[in-house]
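Participant: Dropping a structure here in structure tokens format, bear with me for questions.
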Number of protein chains: 2
Amino acid sequence: MTRPLRADAARNRRLLLAAAADEFAERGLDASVADIARRAGVGKGTVFRHFATKDDLIAAIVLDRIDALNAAGERLLEAADPGAALLEFLTVAAHQRQQRDLSFLQEAGELTEEVTKVRAQMFHTVHRLVDRAREHGAVRADVTGADVILLMCAPNYVTSYVPGASPDLWQRYLAIIFDGLRPEGAHPLPHPPPLTP
Amino acid sequence: MTRPLRADAARNRRLLLAAAADEFAERGLDASVADIARRAGVGKGTVFRHFATKDDLIAAIVLDRIDALNAAGERLLEAADPGAALLEFLTVAAHQRQQRDLSFLQEAGELTEEVTKVRAQMFHTVHRLVDRAREHGAVRADVTGADVILLMCAPNYVTSYVPGASPDLWQRYLAIIFDGLRPEGAHPLPHPPPLTP
DNA sequence: TAGCAAGTTGACCGGCCGGTCCGCTTATTG
DNA sequence: CAATAAGCGGACCGGCCGGTCAACTTGCTA
């Protein structure tokens with residue numbers, strides 16, 4: 001039985017999460033807690049009252065993003081065209097990452113049990129999306145869900161090295177990579193897929 | 001007219017470069033100068049005698065790698081099959097990065113003028129390799145050298161998130177991405193290519 | 001082999017960062 | 001409105017890191 005947060009505390013928590021997301025997006029995971037607190041307009045102590053450690057703060061942000069991806073994935077499992085559904089899932093994922101760059105989502109490995117659990121769910125959803133697409137002939141026979149999970153973030157990764165580029169440039173590389181996943185013109189792959197994720 | 005290094009100094013310089021490459025590969029760019037010095041078996045002051053700043057040390061390593069890539073690229077410009085030449089260049093690049101992970105090669109933006117210069121040469125070589133492959137029909141008409149430069153490091157990037165994986169897993173993703181670059185089964189790209197690099 | 005410049009070393013410095021703590025403020029509630 | 005606990009803030013701590021320096025060692029050369 002946990003008491004609800006006091007009104008000002010709830011407001012500060014929201015401000016902190018937003019400020020942290022912005023700061024991490026701009027400066028990467030090395031952004032300092034003091035800067036996040038300043039950006040949110042609160043004292044540094046307040047950060048640690050809401051999140052015991054910096055990692056817990058990161059975990060809270062990551063959890064939100066993965067949850068959103070999960071929701072999109074579940075929805076797209078019902079879509080009529082499995083190939084288009086997979087492409088749209090990857091589009092949603094890349095778009096979300098572009099909004100506020102969360103490259104570090106992967107960098108920060110095992111954050112909390114909860115993150116690990118939700119991420120496993122998300123991975124499972126991707127596997128199902130890929131299986132459906134493959135059975136439908138929209139994806140080559142030799143790619144697996146694990147392949148798509150690994151390739152999922154590549155479009156954002158490659159565009160992050162063009163500082164002045166259009167924020168939509170990732171769409172180009174998602175299209176190229178997705179063409180590589182299609183059955184048409186596929187060449188045999190020189191290495192078996194990984195067992196995880 | 002710079003005098004040659006003393007024998008022990010030259011040896012220490014080599015030890016330092018090797019130790020730094022290993023340490024950066026294992027711990028990323030955050031590896032501390034003190035650890036690098038310990039690994040090389042020298043005092044911390046010696047590091048700064050050879051490399052004025054930590055960034056200069058990084059630049060020295062990066063320079064070596066890019067030079068090697070340049071040499072391979074120049075050689076492959078003479079190859080008979082332009083498509084195979086481009087694929088081999090990408091294979092050499094990915095293999096080199098896998099040997100000692102230099103993901104940070106890109107992270108560390110403008111290090112020194114010399115790095116910028118050599119990197120520009122390498123970019124130029126890639127452009128030429130891609131142009132030849134495109135004219136030969138081995139690569140789709142709508143991809144540019146800049147596209148390939150950006151995608152060049154993606155295979156290593158995606159496999160870096162499978163800790164226990166085979167060290168050759170990158171070959172699988174290079175193959176998938178290269179299939180995406182082929183003309184067969186290519187779908188129109190939704191976004192124009194970047195002007196740089 | 002003697003003298004010296006080149007090279008080495010590790011203690012030390014200033015600065016930053018994650019995290020703690022305690023006195024102060026304020027929302028809540030009866 | 002008064003009492004109280006929940007929340008807040010920022011000085012402070014220990015640790016780490018890049019970089020400096022002055023005393024010491026050593027390879028080179030005449």
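By order in the structure tokens, chains are A, B, ...; within a chain, residues start at 1; ligands start at 1, following the order shown.
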Against chain B, which residues of chain C fall within 10 Å? For each one I want the closest pair of atoms and the distance in Å (one decimal), counting only C-alpha atoms (C1' of nucleotides), rows by chain and increasing residue number, as JSON lines.

Facilitator:
{"residue": "C:DA6", "atom": "C1'", "partner": "B:Arg6", "partner_atom": "CA", "distance": 7.4}
{"residue": "C:DG7", "atom": "C1'", "partner": "B:Ala9", "partner_atom": "CA", "distance": 6.8}
{"residue": "C:DT8", "atom": "C1'", "partner": "B:Thr46", "partner_atom": "CA", "distance": 6.3}
{"residue": "C:DT9", "atom": "C1'", "partner": "B:Gly43", "partner_atom": "CA", "distance": 5.6}
{"residue": "C:DG10", "atom": "C1'", "partner": "B:Gly43", "partner_atom": "CA", "distance": 7.1}

Participant: Write out as a Markdown table a residue-level contact list of range 12-33 of chain B versus range 9-30 of chain D with cut-off 10 Å: for each qualifying residue the closest pair of atoms and the distance in Å to one decimal, counting only C-alpha atoms (C1' of nucleotides), rows sorted by chain and residue number upward.

Facilitator:
| residue | atom | partner | partner_atom | distance |
| --- | --- | --- | --- | --- |
| B:Asp30 | CA | D:DC17 | C1' | 9.8 |
| B:Ala31 | CA | D:DC17 | C1' | 9.9 |
| B:Ser32 | CA | D:DC17 | C1' | 7.0 |
| B:Val33 | CA | D:DG18 | C1' | 7.8 |

Participant: Please determine the contact residues of chain A with respect to chain B at a cut-off of 10 Å, counting only C-alpha atoms, and supply them as a PyMOL selection string.

Facilitator: chain A and resi 106-107+109+143+146-155+157-166+168-197

Participant: Export N, CA and C atoms of the chosen residues as a compact mmCIF listing (two decimals), in the first residue's frame?

Facilitator:
# COMPACT_ATOMS: atom_id res chain seq x y z
N GLN A 106 20.50 0.40 -25.89
CA GLN A 106 21.19 -0.87 -25.99
C GLN A 106 22.49 -0.84 -25.21
N GLU A 107 23.18 0.31 -25.28
CA GLU A 107 24.43 0.42 -24.53
C GLU A 107 24.23 0.01 -23.08
N GLY A 109 23.14 -2.10 -20.77
CA GLY A 109 22.72 -3.50 -20.82
C GLY A 109 21.59 -3.85 -19.86
N VAL A 143 16.22 -15.36 -42.77
CA VAL A 143 16.41 -14.40 -41.68
C VAL A 143 15.46 -14.72 -40.53
N ALA A 146 15.81 -12.69 -34.47
CA ALA A 146 17.02 -12.14 -33.86
C ALA A 146 17.74 -11.22 -34.84
N ASP A 147 17.77 -11.60 -36.11
CA ASP A 147 18.40 -10.75 -37.12
C ASP A 147 17.72 -9.38 -37.15
N VAL A 148 16.41 -9.39 -37.17
CA VAL A 148 15.69 -8.12 -37.28
C VAL A 148 15.87 -7.28 -36.04
N ILE A 149 15.90 -7.93 -34.87
CA ILE A 149 16.14 -7.18 -33.64
C ILE A 149 17.48 -6.48 -33.71
N LEU A 150 18.49 -7.18 -34.18
CA LEU A 150 19.82 -6.56 -34.25
C LEU A 150 19.85 -5.44 -35.28
N LEU A 151 19.17 -5.65 -36.39
CA LEU A 151 19.22 -4.63 -37.45
C LEU A 151 18.29 -3.45 -37.16
N MET A 152 17.42 -3.62 -36.19
CA MET A 152 16.36 -2.65 -35.91
C MET A 152 16.91 -1.23 -35.70
N CYS A 153 18.02 -1.14 -35.00
CA CYS A 153 18.53 0.19 -34.64
C CYS A 153 19.56 0.71 -35.62
N ALA A 154 19.92 -0.10 -36.60
CA ALA A 154 20.98 0.31 -37.52
C ALA A 154 20.65 1.61 -38.27
N PRO A 155 19.42 1.82 -38.75
CA PRO A 155 19.15 3.07 -39.48
C PRO A 155 19.47 4.31 -38.66
N TYR A 157 21.56 4.43 -36.13
CA TYR A 157 23.00 4.41 -35.90
C TYR A 157 23.74 5.05 -37.06
N VAL A 158 23.45 4.60 -38.28
CA VAL A 158 24.23 5.10 -39.41
C VAL A 158 23.99 6.58 -39.65
N THR A 159 22.78 7.07 -39.41
CA THR A 159 22.53 8.49 -39.68
C THR A 159 23.08 9.38 -38.57
N SER A 160 23.38 8.80 -37.41
CA SER A 160 23.86 9.64 -36.32
C SER A 160 25.23 10.24 -36.64
N TYR A 161 25.88 9.76 -37.70
CA TYR A 161 27.18 10.32 -38.05
C TYR A 161 27.11 11.39 -39.12
N VAL A 162 25.91 11.87 -39.44
CA VAL A 162 25.75 12.99 -40.36
C VAL A 162 25.07 14.09 -39.57
N PRO A 163 25.87 14.91 -38.88
CA PRO A 163 25.30 15.86 -37.91
C PRO A 163 24.22 16.75 -38.51
N GLY A 164 24.48 17.33 -39.67
CA GLY A 164 23.52 18.30 -40.19
C GLY A 164 22.40 17.70 -41.03
N ALA A 165 22.28 16.39 -41.00
CA ALA A 165 21.37 15.74 -41.95
C ALA A 165 19.90 15.95 -41.60
N SER A 166 19.07 15.70 -42.60
CA SER A 166 17.62 15.71 -42.37
C SER A 166 17.27 14.70 -41.29
N ASP A 168 14.88 12.89 -41.15
CA ASP A 168 14.20 11.73 -41.71
C ASP A 168 15.13 10.82 -42.51
N LEU A 169 16.42 11.11 -42.48
CA LEU A 169 17.36 10.34 -43.29
C LEU A 169 17.32 8.84 -42.97
N TRP A 170 16.99 8.51 -41.73
CA TRP A 170 16.93 7.10 -41.33
C TRP A 170 16.01 6.30 -42.24
N GLN A 171 14.97 6.98 -42.79
CA GLN A 171 14.03 6.26 -43.66
C GLN A 171 14.74 5.63 -44.85
N ARG A 172 15.74 6.34 -45.36
CA ARG A 172 16.49 5.83 -46.50
C ARG A 172 17.18 4.51 -46.16
N TYR A 173 17.82 4.47 -45.00
CA TYR A 173 18.60 3.28 -44.67
C TYR A 173 17.71 2.14 -44.17
N LEU A 174 16.60 2.51 -43.56
CA LEU A 174 15.64 1.46 -43.23
C LEU A 174 15.16 0.79 -44.52
N ALA A 175 14.91 1.57 -45.55
CA ALA A 175 14.44 1.02 -46.83
C ALA A 175 15.50 0.11 -47.45
N ILE A 176 16.76 0.56 -47.42
CA ILE A 176 17.83 -0.27 -48.00
C ILE A 176 17.96 -1.58 -47.24
N ILE A 177 17.97 -1.49 -45.91
CA ILE A 177 18.13 -2.70 -45.10
C ILE A 177 16.91 -3.61 -45.29
N PHE A 178 15.74 -3.01 -45.35
CA PHE A 178 14.54 -3.84 -45.54
C PHE A 178 14.58 -4.54 -46.89
N ASP A 179 15.10 -3.86 -47.91
CA ASP A 179 15.27 -4.53 -49.21
C ASP A 179 16.20 -5.73 -49.07
N GLY A 180 17.18 -5.60 -48.19
CA GLY A 180 18.08 -6.73 -47.96
C GLY A 180 17.40 -7.89 -47.26
N LEU A 181 16.29 -7.60 -46.58
CA LEU A 181 15.56 -8.67 -45.89
C LEU A 181 14.54 -9.36 -46.80
N ARG A 182 14.28 -8.77 -47.96
CA ARG A 182 13.25 -9.33 -48.86
C ARG A 182 13.77 -10.59 -49.56
N PRO A 183 12.84 -11.43 -50.02
CA PRO A 183 13.27 -12.66 -50.70
C PRO A 183 13.82 -12.39 -52.10
N GLU A 184 13.36 -11.33 -52.78
CA GLU A 184 13.80 -11.10 -54.15
C GLU A 184 15.29 -10.78 -54.20
N GLY A 185 16.01 -11.52 -55.01
CA GLY A 185 17.43 -11.25 -55.20
C GLY A 185 18.29 -11.55 -53.99
N ALA A 186 17.80 -12.39 -53.08
CA ALA A 186 18.59 -12.73 -51.90
C ALA A 186 19.71 -13.70 -52.25
N HIS A 187 20.90 -13.40 -51.72
CA HIS A 187 22.03 -14.33 -51.88
C HIS A 187 22.21 -15.10 -50.57
N PRO A 188 22.73 -16.31 -50.64
CA PRO A 188 22.89 -17.12 -49.41
C PRO A 188 23.73 -16.38 -48.38
N LEU A 189 23.39 -16.56 -47.11
CA LEU A 189 24.10 -15.86 -46.04
C LEU A 189 25.28 -16.71 -45.57
N PRO A 190 26.43 -16.05 -45.32
CA PRO A 190 27.67 -16.77 -45.03
C PRO A 190 27.80 -17.23 -43.58
N HIS A 191 26.83 -16.93 -42.73
CA HIS A 191 27.00 -17.21 -41.30
C HIS A 191 25.62 -17.50 -40.71
N PRO A 192 25.52 -18.48 -39.81
CA PRO A 192 24.21 -18.77 -39.20
C PRO A 192 23.76 -17.63 -38.29
N PRO A 193 22.46 -17.54 -38.05
CA PRO A 193 21.94 -16.46 -37.18
C PRO A 193 22.33 -16.71 -35.74
N PRO A 194 22.38 -15.66 -34.93
CA PRO A 194 22.68 -15.85 -33.50
C PRO A 194 21.48 -16.51 -32.81
N LEU A 195 21.75 -17.21 -31.72
CA LEU A 195 20.66 -17.87 -30.97
C LEU A 195 19.91 -16.87 -30.11
N THR A 196 20.60 -15.86 -29.60
CA THR A 196 19.93 -14.79 -28.87
C THR A 196 20.19 -13.49 -29.63
N PRO A 197 19.35 -12.49 -29.51
CA PRO A 197 18.16 -12.44 -28.64
C PRO A 197 17.01 -13.24 -29.26

Participant: Find the spatial neighbours of DT25 in chain C, counting only C-alpha atoms (C1' of nucleotides), within a cut-off of 12 Å - ignore same-chain residues fewer than 3 positions away - and output them as a CSV table (one decimal) with N, CA, C and O atoms (P, O5', C5', C4', C3', O3' and C1' of nucleotides), in the first residue's frame.

Facilitator:
chain,number,residue,atom,x,y,z
D,6,DA,P,5.4,10.3,5.5
D,6,DA,O5',5.4,10.7,3.9
D,6,DA,C5',4.3,11.6,3.5
D,6,DA,C4',4.9,12.7,2.6
D,6,DA,C3',6.0,12.2,1.7
D,6,DA,O3',5.6,12.4,0.3
D,6,DA,C1',6.5,14.3,2.8
D,7,DG,P,6.6,12.2,-0.9
D,7,DG,O5',7.4,13.6,-1.0
D,7,DG,C5',6.6,14.7,-1.2
D,7,DG,C4',7.5,15.9,-1.3
D,7,DG,C3',8.7,15.8,-2.2
D,7,DG,O3',8.7,16.9,-3.1
D,7,DG,C1',9.4,16.6,-0.2
D,8,DC,P,9.7,17.1,-4.3
D,8,DC,O5',10.7,18.1,-3.7
D,8,DC,C5',10.3,19.4,-3.2
D,8,DC,C4',11.4,20.2,-2.7
D,8,DC,C3',12.6,20.2,-3.6
D,8,DC,O3',12.9,21.6,-3.9
D,8,DC,C1',13.2,19.8,-1.3
D,9,DG,P,13.9,22.0,-5.1
D,9,DG,O5',15.2,22.3,-4.3
D,9,DG,C5',15.1,23.3,-3.3
D,9,DG,C4',16.5,23.5,-2.7
D,9,DG,C3',17.7,23.4,-3.6
D,9,DG,O3',18.5,24.5,-3.2
D,9,DG,C1',17.9,21.8,-1.9

Participant: One decimal, Å: what's the distance from CA of Ala141 in chain A over to CA of Ala79 in chain A, could you say?

Facilitator: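 Rounded to one decimal, the two atoms are 20.7 Å apart.
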
Participant: Which residues are near Asp131 in chain A? Cut-off 12 Å, only C-alpha atoms (C1' of nucleotides), ignore same chain within fewer than 2 positions. Put them as an MDAnalysis selection string.

Facilitator: chainID A and resid 77 82:83 85:86 124:129 133:148

Participant: If DSSP is run on the backbone, what residues of range 6-98 of chain A are helix (DSSP H, G or I)? A reply as a PyMOL selection string would be ideal.

Facilitator: chain A and resi 7-30+33-40+44-50+54-76+82-98
